[in-house]
Amino acid sequence: MAQIFPKFSNRIPLLVLVLTVLLTVSVVVFFWYFASPEYTDVGYSPEQPVAYSHKTHVDSLKIDCRYCHTGVERSAIAGVPPTQTCMNCHVLIGVNEESLALVRDSWFESKPIEWIKVYKLPDYTYFDHSAHIFAQVGCESCHGDVQSMERVRQTKSLSMSWCLECHRAPKDHLRPASEIITMKYVYPKNQLEFGSQVMSEKNLTPPTTCSGCHR
Amino acid sequence: MRVCGVSVKDTTTLLLDEEPLITGNQTFSSITEKISGIVEGETNKIWFILLGLTSSLALMFFGSMGFLFWEGVGIWGVNNPVGWGWSIVNFVFWVGIGHAGTLISAILFIFRQKWRTSINRFAEAMTLFAVVCALIFPGIHVGRIWIAYYMFPLPNQMAMWPNFRSPLLWDVFAVGTYFAVSLMFWYTGLIPDLATLRDRAKTRFRKMILAIFALGWRGGNKQWKNYEFAYLLLAALSTPLVLSVHSVVSADFASAVIPGWHTTIFPPYFVAGAIFSGFAMVMTLAIIARKVYKLEHIITVNHLEKMTKIIMLTGMMVGYAYAIEFFVAWYSGNVFESFTFVNRAFGPYAWAYWIMVSCNVIIPQLFWFKKIRTSVPIMFVISILVNIGMWFERFVITVSSLANDFLPSSWDYYSPTVWDISLLIGSFGLFFSLFLLFIRFLPMISIAEVKGVLPQADPHYYEITKNRSRDE
């Protein structure tokens, strides 16, 4: 009987096998990395209507976070300050600054500045900012080193697994109450011990059930 | 009779005195001609008509699914308290049907039941198609196909996993494994026959396609040796699966605390029921196929009679399970359990319960009579009734327990909608379409294995026939 296939076809099964493995691995890697919030969300840094610099205000001028973000300890949403907060100082400082024109307009016309929200959580998640401050989670743990940012940037993926990482092992992330707003905080050697202490003192039970966040 | 001083009984189990499995004085070449001819010859007109009908139903199946995804599970009759309706019933029904193939190919192979050779190929194919239908239902039963991947433990950014302690996840693995192993088994068995078809192929294209799937089979001794061993290993691998898959499916129910579900008899009871319904489906298909393609010499009444015996046996096992459920409900002294079973037999679903009992327990008893065991039309009707009964068994279990559970204030009567019905009928359309395509394009009976049970295949055949003619 004549041969049906030419000789080179002996190599085809091996080739198919190798290609299948390569294709599978590359598809998995592609989606694993490029489709994850680690890639799609981290680094989001929209241009704001006013080029407000945290670096100037916090790093150089040493203004406390809570001077502007007044609700962080008490409210479910951290909140963006009203124009009045800016004008507390800027009625006296930089009154002729070109870059502050929009702030002054907003103040005179009683029209809020339309800041663009960077740290957005989906509507189907319940999130209470004050609970996290009460539990002594540092600002930095979620927002990164805001103090050194010229323009605010998303530094964490805000994915569900990222939330759960801390909810499942909060001890690694809790700080003394006095260190909550500290940037570049160095955790002490006895962090686990300290974390456990905070948890038992405040009776912290971070939810890991579905309805904890998806109510 | 003695041959060369040795009793023939010792060497050949009186091969020639046994009723032959294959009738009509078949030779090796007539078997090849007959079975390959179905695949190679002109397409039968009846085949076209049947495929037209079944594929229209399959289209209805996919159309109904589309509407389900668009509109949601509200189109079904499910609601509180009956949250598991026909889609679960259909899933269990189809998985059950899928059990005969592996039983025939694996367990009967290991027990050296030679009569399996005439029916194993299409029973295995039927298994695959039934499992395809079965796999669709859990995939669509929440009406959200876009989250079907939740069924699998895939790493994801939500750090969310299926519940590994839930039988619903075991189901995914059990049925998935079953499908994969059945497919391998079926394909391994096909290889020598594909090579036969390849060697008979007239056109170059057909030759190439078949050559690719025949994996270079040449039928040499060494290849046969490896092949037989691989086949044995696969049979050993699939034997526990026959028992495990439906046990896991039964655990979906048994692990819940609903009265009527929470019983330890469920795994063996479900497995027996699965084999029962699977054999009935094999019989239905075998009777049609042998009639349409004139295979009466290969799938003989002898084969069918053997199948009726298995149907009768498993039918009695199922009947025993029904009885024991009642006994345990009474013996437990649990009011909810007792109520459930009395309610099944005499409550709002009594009609379904008695359809189930008559089709599964009473009617198969007719097979005690040799006349009925050898009457093809009667066994055809009974095989269909058995599958109707087995569908109702799953309906009774799923629905009656949910409809009337612990709290009378939450009781309600479940009735299906037109979409429930169209999905059930549509799934039959898909099943039969796949089966029709299979019998048109692949040898529906194992050519190589049937040859192996011909009298000529016995190494002592010529010796015995020679001696026998001398004795005479």
# chains A, B, ... in the order shown; residues from 1 in each chain; ligands from 1
>>> select_by_dssp(residues="segment 86-205 of chain A", states="helix (DSSP H, G or I)", output="NGL selection string")
:A and (86-90 or 98-109 or 129-134 or 139-143 or 146-148 or 160-168 or 170-172 or 177-179 or 191-202)
>>> closest_atom_pairs(of="chain B", to="chain A", cutoff="9 Å", atoms="only C-alpha atoms", output="JSON lines")
{"residue": "B:Pro155", "atom": "CA", "partner": "A:Trp32", "partner_atom": "CA", "distance": 8.8}
{"residue": "B:Asn156", "atom": "CA", "partner": "A:Ser161", "partner_atom": "CA", "distance": 8.1}
{"residue": "B:Gln157", "atom": "CA", "partner": "A:Ser161", "partner_atom": "CA", "distance": 5.4}
{"residue": "B:Met158", "atom": "CA", "partner": "A:Met160", "partner_atom": "CA", "distance": 4.3}
{"residue": "B:Ala159", "atom": "CA", "partner": "A:Ser161", "partner_atom": "CA", "distance": 4.6}
{"residue": "B:Met160", "atom": "CA", "partner": "A:Ser161", "partner_atom": "CA", "distance": 7.7}
{"residue": "B:Asp199", "atom": "CA", "partner": "A:Met1", "partner_atom": "CA", "distance": 8.8}
{"residue": "B:Arg204", "atom": "CA", "partner": "A:Ile4", "partner_atom": "CA", "distance": 8.1}
{"residue": "B:Lys207", "atom": "CA", "partner": "A:Ile4", "partner_atom": "CA", "distance": 7.4}
{"residue": "B:Met208", "atom": "CA", "partner": "A:Ile4", "partner_atom": "CA", "distance": 6.7}
{"residue": "B:Ala211", "atom": "CA", "partner": "A:Ile4", "partner_atom": "CA", "distance": 7.7}
>>> atom_distance(atom1="atom CA of Glu140 of chain A", atom2="atom CA of Pro207 of chain A")
21.2 Å
>>> residues_around(residues="segment 142-148 of chain A", least_positions_apart="6", cutoff="6 Å", atoms="only C-alpha atoms", output="PyMOL selection string")
chain A and resi 54-55+58-59+155+183
>>> closest_residue(among="A:Val103, A:Val198, A:Leu17, A:Ala78", to="Pro49 of chain A", atoms="only C-alpha atoms")
A:Val103
>>> residues_around(residues="Ser106 of chain A", least_positions_apart="3", cutoff="12 Å", atoms="only C-alpha atoms", output="MDAnalysis selection string")
chainID A and resid 49:50 82:87 100:103 109:115
>>> closest_residue(among="A:Glu150, A:Glu73, A:Asp172, A:Glu98", to="Met199 of chain A", atoms="only C-alpha atoms")
A:Asp172
>>> atom_distance(atom1="atom CA of Ile388 of chain B", atom2="atom CA of Thr300 of chain B")
25.1 Å
>>> closest_residue(among="A:Leu121, A:Ile93, A:Ala169, A:Met149", to="Ala51 of chain A", atoms="only C-alpha atoms")
A:Met149
>>> residues_around(residues="segment 392-403 of chain B", least_positions_apart="6", cutoff="6 Å", atoms="only C-alpha atoms", output="VMD selection string")
chain B and resid 81 to 82 89 260 356 411 to 412
>>> write_last_selection(atoms="C-alpha atoms", output="tab-separated table (two decimals), in the first residue's frame")
chain	number	residue	atom	x	y	z
B	81	PRO	CA	-40.31	26.17	47.54
B	82	VAL	CA	-39.35	24.10	44.47
B	89	VAL	CA	-34.31	16.25	36.75
B	260	GLY	CA	-36.73	11.97	51.21
B	356	MET	CA	-42.65	5.61	38.18
B	411	TRP	CA	-45.86	24.13	50.61
B	412	ASP	CA	-46.71	24.69	46.99
>>> residues_around(residues="segment 163-176 of chain B", least_positions_apart="2", cutoff="9 Å", atoms="only C-alpha atoms", output="MDAnalysis selection string")
chainID B and resid 95 131 134:135 138 151:153 161 178:181 241 244:246 248:253 255
>>> residues_around(residues="Lys34 of chain B", least_positions_apart="3", cutoff="12 Å", atoms="only C-alpha atoms", output="list in words")
Gln26, Thr27, Phe28, Ser29, Ser30, Ile31, Gly37, Ile38, Val39, Glu40, Gly41, Arg290, Tyr293, Lys294, Leu295, Glu296, His297, Ile298, Pro443, Met444, Ile445, Ser446, Ile447 and Val450 of chain B
>>> write_last_selection(atoms="C-alpha atoms", output="mmCIF file, in the first residue's frame")
data_model
loop_
_atom_site.group_PDB
_atom_site.id
_atom_site.type_symbol
_atom_site.label_atom_id
_atom_site.label_comp_id
_atom_site.auth_asym_id
_atom_site.auth_seq_id
_atom_site.Cartn_x
_atom_site.Cartn_y
_atom_site.Cartn_z
ATOM 1 C CA GLN B 26 -20.837 -14.709 8.852
ATOM 2 C CA THR B 27 -17.230 -14.642 7.756
ATOM 3 C CA PHE B 28 -14.567 -12.092 8.640
ATOM 4 C CA SER B 29 -15.069 -10.325 5.349
ATOM 5 C CA SER B 30 -18.853 -10.329 5.486
ATOM 6 C CA ILE B 31 -18.702 -8.590 8.883
ATOM 7 C CA GLY B 37 -21.033 -0.603 4.144
ATOM 8 C CA ILE B 38 -23.328 1.423 6.391
ATOM 9 C CA VAL B 39 -20.718 4.151 6.627
ATOM 10 C CA GLU B 40 -19.504 3.999 3.047
ATOM 11 C CA GLY B 41 -22.719 3.446 1.153
ATOM 12 C CA ARG B 290 -30.747 -3.192 13.645
ATOM 13 C CA TYR B 293 -29.617 -1.159 8.821
ATOM 14 C CA LYS B 294 -30.607 -4.846 8.761
ATOM 15 C CA LEU B 295 -28.163 -5.894 11.458
ATOM 16 C CA GLU B 296 -30.308 -8.704 12.818
ATOM 17 C CA HIS B 297 -27.463 -11.176 12.373
ATOM 18 C CA ILE B 298 -25.047 -9.165 14.450
ATOM 19 C CA PRO B 443 -18.818 2.139 12.377
ATOM 20 C CA MET B 444 -21.608 1.670 14.888
ATOM 21 C CA ILE B 445 -20.501 -1.849 15.753
ATOM 22 C CA SER B 446 -16.958 -2.792 16.590
ATOM 23 C CA ILE B 447 -15.754 -4.656 13.500
ATOM 24 C CA VAL B 450 -17.185 -8.827 16.580
#
>>> closest_residue(among="A:Arg11, A:Arg168, A:Lys117, A:Lys156", to="Thr205 of chain A", atoms="only C-alpha atoms")
A:Arg168
